[in-house]
Protein chains: 2
Amino acid sequence: MTVTMKKVARRAGVSVSTVSRVLSGHPHVREELSRKVRRTMEELGYTPNLIAKSLVSRSARCLCILLPGPAAQMFSNLYFLELIRGIAAGAGRLGFDVVLSSGATEQEELEAVSGLLKGGRVDGAVLLSSRTDDAVIAYLKSSGHPFVLIGRSEQYDGILTVETNQSAAACDATRHLISMGHERIGFIGSPPDSTAARDRLEGYRRALREYGLECHPDWMIGDGAWKDGGAMSSFMKLPDRPTALVAADDMVSFGVIRSLGQLNYGVPGDLALVSCSNAPLPVLSVPSISSIDTGIGQLGETASRVLIRSIQQPHQGKPVSGRFIVGHRLIVRESSRLGLSV
Amino acid sequence: MTVTMKKVARRAGVSVSTVSRVLSGHPHVREELSRKVRRTMEELGYTPNLIAKSLVSRSARCLCILLPGPAAQMFSNLYFLELIRGIAAGAGRLGFDVVLSSGATEQEELEAVSGLLKGGRVDGAVLLSSRTDDAVIAYLKSSGHPFVLIGRSEQYDGILTVETNQSAAACDATRHLISMGHERIGFIGSPPDSTAARDRLEGYRRALREYGLECHPDWMIGDGAWKDGGAMSSFMKLPDRPTALVAADDMVSFGVIRSLGQLNYGVPGDLALVSCSNAPLPVLSVPSISSIDTGIGQLGETASRVLIRSIQQPHQGKPVSGRFIVGHRLIVRESSRLGLSV
DNA sequence: CTGTTAGCGCGTTCAT
DNA sequence: ATGAACGCGCTAACAG
């Protein structure tokens, strides 16, 4: 049989309210009684029923994370798990639990989160990614449920987001190559429909401008170029080809190294490389990849803190919104270690 | 204001019980009334309160997953996320939610899961991994809360586990190399204190015995050998050295390929390789790694099904226990594609 | 078939 | 400083 407050109360010879007060650290309780109650709770092995607590306090002290479908590229799983860890850690520190929700289709995802939210099982949602015209975001915005999106979205305004400054990251990556003596630097992108990809391209361009370096169109390779060896091959045969490359993400970096390997080019010998990392993958590569690292865990942790704050500050009039940026830093590894001997 | 059953009832001019009956698909309700109630629910946008439901039904319809601390090797994150996806999917299909719990120390982990369990927020727990003398397992066993462990543990008996047959997996990996014409086949292990590692080693040996092939002690390299180039180097210089290697996990495989690359050996040219995969990493490698793949997602899905079943069949006397095995299969990739021209 | 009643375990008034 | 009583939203037992 489960131990309830009632039983503790009877056993300790006090009323339920007193037990409740002791539990919630209420000040107006005689020290003596308080100790007695505590002792009784120990003896009986009492644990407060969280469900009942939620019911009466009208808050689940719980967030949900919307897991992107398996549609997302497999490699990003590393990114997602770190994110989840961060979210769980941040939430836990503030006394919140985290439940997962997912769905095979956008519609299912919507039903999953809205069910949890409307059912009162969770107080808010964390979105790990967004699509264009995202039905989930649309619902959350209109329904007024607290939520936070990890990553920037140009499309939606007036929502809560936690992001890394992709543009600055790519800019730093490019500057690093420049500082290593490179003057012809290319860029290889990820899917151009992603906001992050555009931001990174912008940062790359900015760094080149900053140093008055050329930014040749031929040096910008689209995502997927590495998938057909031909593209990489002709790139490497360009007259005055780049001596270094900024890659928009880890997957692309892996692809490039792989293609280059098959064409018998070496990294960084024939081409230096820096990745704008979105996963802890760079260390696994051969050669290991220099990258701009984001504290992914911190991204998640920030997200949960921000969300919880917005949950606890009842929307005073308007829904909470804002953009939170978490920092990044360059980590030099093998793929860019050789400077040019100019 | 939230829409409760009471309001729906009032609005539809019926009693609360009727609404409840309609909701739970109770048979004894006049068709006409039923429709009216449904319509009213629609109009008012009623959503049942899951918390209240849980409180009265004394079941949260919820599992928790214990996330291993970051102590676990980073690469295994891929494994864990797939696992989590599988668990969430399996649970979702049966109407269960999934909450995450974690802790920096073993003690914290214990507090996290026991809090959720005793607090009634979850009905059971899924352990993604186990240590030796695991305090969490000890607690769960003694407290009688339903739980399932993913992975085999020799230490604990009479508990519910879902596993892959590591021994058979390694055996299949070895057989594959034999079928490619290799006769001198080595083995490189993961940490020997892991049950899985021992099982795999056993499977490797069995395959060799099966074909009457030699199993030279020098051909068995310990985990970590690839970390110092020296060990790999002397291995490759062995007289009559192996022409192929079975690797106990993906991390080791990556390490081997990396070391070999630095020593100017090629895979599979100089050494063929098959990994007993524990993550979807093999495709990322250059060259891609042949591996024995486990349906990780299926592992998780099975775990949740099994656990939920044990939750719903109230322990008739003894706690539920049992071992469930999920299958594996060989996927041939580049690292073993060259047979020997014997 | 339907309505009334009584809790689930807890917080929070109100009195005292 | 303490206790009694009510209600959170829902299900289940009992009447009619």
# chains A, B, ... in the order shown; residues from 1 in each chain; ligands from 1
$ residues_around --residues "range 1-6 of chain D" --least-positions-apart "2" --cutoff "12 Å" --atoms "only C-alpha atoms (C1' of nucleotides)" --output "ChimeraX atom specification"
/A:9,13-21,26-34 /C:11-16 /D:8
$ select_by_dssp --residues "range 243-332 of chain A" --states "helix (DSSP H, G or I)" --output "PDB file with N, CA and C atoms, in the first residue's frame"
ATOM      1  N   ASP A 250      29.496  19.411 -40.311  1.00  0.00           N
ATOM      2  CA  ASP A 250      30.365  18.255 -40.150  1.00  0.00           C
ATOM      3  C   ASP A 250      30.144  17.182 -41.204  1.00  0.00           C
ATOM      4  N   MET A 251      28.912  17.034 -41.577  1.00  0.00           N
ATOM      5  CA  MET A 251      28.607  16.007 -42.562  1.00  0.00           C
ATOM      6  C   MET A 251      29.329  16.321 -43.857  1.00  0.00           C
ATOM      7  N   VAL A 252      29.246  17.556 -44.266  1.00  0.00           N
ATOM      8  CA  VAL A 252      29.920  18.000 -45.475  1.00  0.00           C
ATOM      9  C   VAL A 252      31.426  17.788 -45.336  1.00  0.00           C
ATOM     10  N   SER A 253      31.953  18.122 -44.173  1.00  0.00           N
ATOM     11  CA  SER A 253      33.384  17.958 -43.962  1.00  0.00           C
ATOM     12  C   SER A 253      33.807  16.507 -44.160  1.00  0.00           C
ATOM     13  N   PHE A 254      33.060  15.622 -43.567  1.00  0.00           N
ATOM     14  CA  PHE A 254      33.352  14.199 -43.741  1.00  0.00           C
ATOM     15  C   PHE A 254      33.326  13.828 -45.214  1.00  0.00           C
ATOM     16  N   GLY A 255      32.317  14.316 -45.895  1.00  0.00           N
ATOM     17  CA  GLY A 255      32.172  14.004 -47.309  1.00  0.00           C
ATOM     18  C   GLY A 255      33.357  14.498 -48.113  1.00  0.00           C
ATOM     19  N   VAL A 256      33.772  15.708 -47.811  1.00  0.00           N
ATOM     20  CA  VAL A 256      34.887  16.291 -48.552  1.00  0.00           C
ATOM     21  C   VAL A 256      36.154  15.474 -48.342  1.00  0.00           C
ATOM     22  N   ILE A 257      36.430  15.156 -47.092  1.00  0.00           N
ATOM     23  CA  ILE A 257      37.644  14.402 -46.806  1.00  0.00           C
ATOM     24  C   ILE A 257      37.615  13.054 -47.506  1.00  0.00           C
ATOM     25  N   ARG A 258      36.442  12.479 -47.492  1.00  0.00           N
ATOM     26  CA  ARG A 258      36.290  11.181 -48.138  1.00  0.00           C
ATOM     27  C   ARG A 258      36.546  11.276 -49.647  1.00  0.00           C
ATOM     28  N   SER A 259      35.888  12.247 -50.287  1.00  0.00           N
ATOM     29  CA  SER A 259      36.073  12.434 -51.729  1.00  0.00           C
ATOM     30  C   SER A 259      37.534  12.685 -52.050  1.00  0.00           C
ATOM     31  N   LEU A 260      38.112  13.600 -51.309  1.00  0.00           N
ATOM     32  CA  LEU A 260      39.494  13.973 -51.544  1.00  0.00           C
ATOM     33  C   LEU A 260      40.400  12.751 -51.416  1.00  0.00           C
ATOM     34  N   GLY A 261      40.126  11.942 -50.421  1.00  0.00           N
ATOM     35  CA  GLY A 261      40.908  10.734 -50.214  1.00  0.00           C
ATOM     36  C   GLY A 261      40.856   9.836 -51.432  1.00  0.00           C
ATOM     37  N   GLN A 262      39.666   9.690 -51.971  1.00  0.00           N
ATOM     38  CA  GLN A 262      39.512   8.823 -53.132  1.00  0.00           C
ATOM     39  C   GLN A 262      40.215   9.388 -54.352  1.00  0.00           C
ATOM     40  N   PRO A 282      34.011  16.014 -35.263  1.00  0.00           N
ATOM     41  CA  PRO A 282      35.328  16.319 -35.828  1.00  0.00           C
ATOM     42  C   PRO A 282      36.466  15.494 -35.257  1.00  0.00           C
ATOM     43  N   VAL A 283      36.389  15.137 -34.000  1.00  0.00           N
ATOM     44  CA  VAL A 283      37.485  14.378 -33.410  1.00  0.00           C
ATOM     45  C   VAL A 283      37.570  12.973 -33.978  1.00  0.00           C
ATOM     46  N   LEU A 284      36.479  12.493 -34.512  1.00  0.00           N
ATOM     47  CA  LEU A 284      36.448  11.115 -35.022  1.00  0.00           C
ATOM     48  C   LEU A 284      37.065  10.999 -36.398  1.00  0.00           C
ATOM     49  N   ILE A 296      27.018  22.669 -27.428  1.00  0.00           N
ATOM     50  CA  ILE A 296      25.672  22.176 -27.723  1.00  0.00           C
ATOM     51  C   ILE A 296      24.891  21.957 -26.435  1.00  0.00           C
ATOM     52  N   GLY A 297      25.579  21.364 -25.472  1.00  0.00           N
ATOM     53  CA  GLY A 297      24.921  21.140 -24.195  1.00  0.00           C
ATOM     54  C   GLY A 297      24.416  22.447 -23.607  1.00  0.00           C
ATOM     55  N   GLN A 298      25.248  23.455 -23.736  1.00  0.00           N
ATOM     56  CA  GLN A 298      24.873  24.754 -23.181  1.00  0.00           C
ATOM     57  C   GLN A 298      23.667  25.337 -23.909  1.00  0.00           C
ATOM     58  N   LEU A 299      23.621  25.054 -25.184  1.00  0.00           N
ATOM     59  CA  LEU A 299      22.487  25.493 -25.989  1.00  0.00           C
ATOM     60  C   LEU A 299      21.199  24.933 -25.381  1.00  0.00           C
ATOM     61  N   GLY A 300      21.247  23.638 -25.102  1.00  0.00           N
ATOM     62  CA  GLY A 300      20.069  22.993 -24.531  1.00  0.00           C
ATOM     63  C   GLY A 300      19.755  23.502 -23.143  1.00  0.00           C
ATOM     64  N   GLU A 301      20.792  23.655 -22.367  1.00  0.00           N
ATOM     65  CA  GLU A 301      20.594  24.112 -20.994  1.00  0.00           C
ATOM     66  C   GLU A 301      19.966  25.499 -20.987  1.00  0.00           C
ATOM     67  N   THR A 302      20.496  26.365 -21.825  1.00  0.00           N
ATOM     68  CA  THR A 302      19.928  27.702 -21.921  1.00  0.00           C
ATOM     69  C   THR A 302      18.463  27.641 -22.339  1.00  0.00           C
ATOM     70  N   ALA A 303      18.200  26.793 -23.302  1.00  0.00           N
ATOM     71  CA  ALA A 303      16.822  26.681 -23.792  1.00  0.00           C
ATOM     72  C   ALA A 303      15.861  26.343 -22.658  1.00  0.00           C
ATOM     73  N   SER A 304      16.241  25.374 -21.850  1.00  0.00           N
ATOM     74  CA  SER A 304      15.298  24.992 -20.797  1.00  0.00           C
ATOM     75  C   SER A 304      15.153  26.093 -19.756  1.00  0.00           C
ATOM     76  N   ARG A 305      16.247  26.733 -19.420  1.00  0.00           N
ATOM     77  CA  ARG A 305      16.152  27.817 -18.434  1.00  0.00           C
ATOM     78  C   ARG A 305      15.215  28.914 -18.921  1.00  0.00           C
ATOM     79  N   VAL A 306      15.445  29.303 -20.146  1.00  0.00           N
ATOM     80  CA  VAL A 306      14.666  30.386 -20.728  1.00  0.00           C
ATOM     81  C   VAL A 306      13.186  30.015 -20.791  1.00  0.00           C
ATOM     82  N   LEU A 307      12.946  28.789 -21.182  1.00  0.00           N
ATOM     83  CA  LEU A 307      11.563  28.338 -21.290  1.00  0.00           C
ATOM     84  C   LEU A 307      10.894  28.317 -19.920  1.00  0.00           C
ATOM     85  N   ILE A 308      11.593  27.776 -18.960  1.00  0.00           N
ATOM     86  CA  ILE A 308      11.019  27.679 -17.621  1.00  0.00           C
ATOM     87  C   ILE A 308      10.738  29.064 -17.056  1.00  0.00           C
ATOM     88  N   ARG A 309      11.648  29.979 -17.331  1.00  0.00           N
ATOM     89  CA  ARG A 309      11.399  31.338 -16.867  1.00  0.00           C
ATOM     90  C   ARG A 309      10.106  31.866 -17.468  1.00  0.00           C
ATOM     91  N   SER A 310       9.938  31.601 -18.749  1.00  0.00           N
ATOM     92  CA  SER A 310       8.738  32.117 -19.416  1.00  0.00           C
ATOM     93  C   SER A 310       7.483  31.410 -18.923  1.00  0.00           C
ATOM     94  N   ILE A 311       7.665  30.204 -18.410  1.00  0.00           N
ATOM     95  CA  ILE A 311       6.508  29.495 -17.848  1.00  0.00           C
ATOM     96  C   ILE A 311       6.129  30.099 -16.504  1.00  0.00           C
ATOM     97  N   GLN A 312       7.172  30.437 -15.763  1.00  0.00           N
ATOM     98  CA  GLN A 312       6.903  30.890 -14.403  1.00  0.00           C
ATOM     99  C   GLN A 312       6.497  32.353 -14.318  1.00  0.00           C
TER     100      GLN A 312
END
$ closest_atom_pairs --of "chain D" --to "chain B" --cutoff "12 Å" --atoms "only C-alpha atoms (C1' of nucleotides)" --output "Markdown table"
| residue | atom | partner | partner_atom | distance |
| --- | --- | --- | --- | --- |
| D:DC8 | C1' | B:Ala52 | CA | 8.1 |
| D:DG9 | C1' | B:Ala52 | CA | 5.2 |
| D:DC10 | C1' | B:Ala52 | CA | 5.4 |
| D:DT11 | C1' | B:Val56 | CA | 6.3 |
| D:DA12 | C1' | B:Val56 | CA | 9.5 |
| D:DA13 | C1' | B:Ser17 | CA | 11.7 |
$ write_last_selection --atoms "C-alpha atoms (C1' of nucleotides)" --output "PDB file, in the first residue's frame"
ATOM      1  C1'  DC D   8      -8.249  20.280  -8.391  1.00  0.00           C
ATOM      2  C1'  DG D   9     -10.548  16.993 -12.761  1.00  0.00           C
ATOM      3  C1'  DC D  10     -11.583  12.698 -13.213  1.00  0.00           C
ATOM      4  C1'  DT D  11     -13.332   7.523 -12.586  1.00  0.00           C
ATOM      5  C1'  DA D  12     -16.028   4.129 -10.264  1.00  0.00           C
ATOM      6  C1'  DA D  13     -19.378   2.394  -7.295  1.00  0.00           C
TER       7       DA D  13
END
$ select_by_dssp --residues "range 173-312 of chain B" --states "strand (DSSP E)" --output "number ranges by chain"
B: 185-188, 220-221, 244-247, 272-276, 290-294
$ write_last_selection --atoms "C-alpha atoms" --output "CSV table (one decimal), in the first residue's frame"
chain,number,residue,atom,x,y,z
B,185,ILE,CA,42.1,-13.3,-38.5
B,186,GLY,CA,42.8,-11.2,-35.5
B,187,PHE,CA,40.5,-9.6,-32.9
B,188,ILE,CA,40.7,-6.2,-31.3
B,220,MET,CA,44.3,-10.6,-30.2
B,221,ILE,CA,44.9,-7.0,-29.5
B,244,ALA,CA,41.8,-9.4,-41.4
B,245,LEU,CA,40.5,-8.1,-38.1
B,246,VAL,CA,37.3,-8.4,-36.2
B,247,ALA,CA,36.8,-5.2,-34.2
B,272,ALA,CA,40.3,-6.2,-44.0
B,273,LEU,CA,38.0,-5.2,-41.1
B,274,VAL,CA,34.6,-6.0,-39.8
B,275,SER,CA,33.1,-4.2,-36.9
B,276,CYS,CA,30.6,-5.4,-34.3
B,290,SER,CA,31.6,-3.6,-42.8
B,291,SER,CA,29.7,-4.4,-39.7
B,292,ILE,CA,27.3,-6.5,-37.8
B,293,ASP,CA,24.4,-4.2,-37.3
B,294,THR,CA,21.8,-4.5,-34.6
$ interface_residues --of "chain A" --to "chain B" --cutoff "9 Å" --atoms "only C-alpha atoms" --output "count of residues only"
50
$ interface_residues --of "chain C" --to "chain A" --cutoff "9 Å" --atoms "only C-alpha atoms (C1' of nucleotides)" --output "NGL selection string"
:C and (8-11)
